[in-house]
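Okay, so here's the structure we're looking at.
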Amino acid sequence: MSWDWEKLKEQQRHRSGGGVPPQMDDLVKKIKRFKLPGGPLIILIIILLILGSTTVYTIKQDEVGIVQFFGRYVRTTQPGLNFKLPVGIEKVTKVNVKGVRTEEFGFSSARPGTRPRFMTGSEASNVTLMLTGDLNVALVPWIVQYRVKNPYNWLFKVRNVRRILTDMSEATMRLVVGDRSINEVINKRDEIAVEARGLLQRELDSAETGIHIVTIEMKKTNVPAPVQPSFNEVNQAVQQKEQMIYQAREDYNKAIPAARGEAERTIKAAEGYALDRVNRSKGDAARFTALYNEYVKAQDVTKRRLYLETLRDLFPKLGPKFIIDADQKNLLPLLNLGIQSGAEK
């Protein structure tokens with residue numbers, strides 16, 4: 001077997017680290033022979049990537065997607081993975097329909113995620129300064145919490161939804177406060193909040209804003225600082241008035257029941273006296289009737305009995321009694337009767 005000494009030495013030189021291995025050498029040669037295509041392939045790849053990224057989109061759990069075909073609304077997509085036509089044909093607007101949004105009136109909140117309606121002190125005073133039904137001035141701050149219930153109306157029916165919400169909220173609150181007194185505005189904030197929420201919701205539905213009012217929260221209501229002393233004096237006067245009214249009612253409750261009791265007692269006494277007189281009269285009439293019936297049966301006996309009974313009742317009331325002869329004509333025997341009676345006493 002013949003040996004190729006030159007080829008053997010070449011292989012040994014490659015194994016010892018000198019030069020390039022045969023496999024790598026072949027790979028380098030193939031790379032040098034390969035020619036990349038021109039710009040159209042790269043452009044096509046970029047176009048495919050753009051179309052893929054603009055065709056598939058994801059909607060979060062608390063959102064919905066509003067799809068527009070060349071600007072016209074076509075459908076609403078639900079949470080999850082969705083598809084649409086590439087960019088420029090269909091556009092997706094994501095709307096949060098479960099999150100609660102907040103609008104504040106009359107003050108600025110430092111809470112994250114809130115959007116205060118008025119920031120400066122002068123503006124806050126202007127929006128909260130309201131005239132009550134009894135012609136008093138009050139500072140009425142409040143908070144409106146809402147969410148989107150109709151994404152289509154929210155996006156397309158009204159040009160500036162937040163602006164109309166704030167304007168309607170202020171108008172509604174002024175209307176409700178204007179129908180109540182200053183004391184009701186201060187002490188009955190919950191009733192005002194409930195009434196304002198219902199009225200504001202009706203107005204927003206009529207305007208097709210797509211907003212659902214979750215709640216209206218009334219903050220501490222007060223009067224402006226310049227009129228605070230006068231307001232305190234009025235409250236003190238009102239308290240004194242109520243105290244006097246309560247005192248008068250207490251006196252009334254003491255005097256009137258006593259007078260009614262006395263009147264009732266007098267009436268009962270009169271009724272009792274009348275009943276006694278009537279019963280006595282009926283008894284006398286019955287006794288006379290019974291006596292008359294006996295008299296009719298035996299007139300002589302009854303007449304004599306009545307005579308004797310009358311004398312029996314009359315004689316004890318006459319005092320000393322003297323019985324003389326009916327035929328006595330001389331008055332001399334009668335002169336000493338008074339002396340003798342006096343001596344007997």
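FYI, nothing fancy with the structure tokens labels: chains A, B, ... in order, residues from 1 per chain, ligands from 1 as they appear.
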
If you run DSSP over the backbone, which residues in range 121-327 of chain A end up strand (DSSP E)? Put them as a PyMOL selection string. chain A and resi 129-131+137-139+142-148+211-218

Mind dumping the selected residues with C-alpha atoms as a PDB file, in the first residue's frame?
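Listed below is the output, result-v6.pdb:
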ATOM      1  CA  LEU A 129     -70.637  78.746  46.328  1.00  0.00           C
ATOM      2  CA  MET A 130     -74.389  78.135  46.058  1.00  0.00           C
ATOM      3  CA  LEU A 131     -77.595  79.943  46.974  1.00  0.00           C
ATOM      4  CA  VAL A 137     -75.023  81.193  50.798  1.00  0.00           C
ATOM      5  CA  ALA A 138     -73.308  77.826  51.351  1.00  0.00           C
ATOM      6  CA  LEU A 139     -70.069  76.133  50.290  1.00  0.00           C
ATOM      7  CA  TRP A 142     -68.958  66.964  46.446  1.00  0.00           C
ATOM      8  CA  ILE A 143     -67.526  63.977  44.572  1.00  0.00           C
ATOM      9  CA  VAL A 144     -69.057  62.146  41.594  1.00  0.00           C
ATOM     10  CA  GLN A 145     -68.008  58.525  40.967  1.00  0.00           C
ATOM     11  CA  TYR A 146     -69.025  56.960  37.666  1.00  0.00           C
ATOM     12  CA  ARG A 147     -68.170  54.305  35.099  1.00  0.00           C
ATOM     13  CA  VAL A 148     -68.772  53.768  31.394  1.00  0.00           C
ATOM     14  CA  ILE A 211     -72.206  57.155  31.793  1.00  0.00           C
ATOM     15  CA  HIS A 212     -73.554  55.351  34.842  1.00  0.00           C
ATOM     16  CA  ILE A 213     -73.362  57.316  38.108  1.00  0.00           C
ATOM     17  CA  VAL A 214     -72.144  54.987  40.841  1.00  0.00           C
ATOM     18  CA  THR A 215     -72.498  57.429  43.734  1.00  0.00           C
ATOM     19  CA  ILE A 216     -72.400  61.076  44.730  1.00  0.00           C
ATOM     20  CA  GLU A 217     -70.607  61.803  47.993  1.00  0.00           C
ATOM     21  CA  MET A 218     -71.287  65.076  49.789  1.00  0.00           C
TER      22      MET A 218
END

List every residue of range 129-176 of chain A that has an atom at most 12 Å from any atom of range 75-82 of chain A, giving for each one its closest atom pair and the distance in Å to one decimal, counting only C-alpha atoms, sorted by chain and then by ascending residue number, as a Markdown table.
| residue | atom | partner | partner_atom | distance |
| --- | --- | --- | --- | --- |
| A:Asn150 | CA | A:Thr76 | CA | 10.7 |
| A:Pro151 | CA | A:Thr76 | CA | 8.8 |
| A:Tyr152 | CA | A:Thr76 | CA | 8.5 |

Of the listed residues A:Pro141, A:Gly198, A:Gly272, A:Gly178, that which approaches Thr221 in chain A most closely, counting only C-alpha atoms: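 Looking at the shortest contact to Thr221 in chain A, the residue is A:Pro141.
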
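Between Trp154 in chain A and the residues A:Asn96, A:Ser281, A:Thr302, A:Gln61, the shortest atom-to-atom distance, using only C-alpha atoms, involves A:Asn96.
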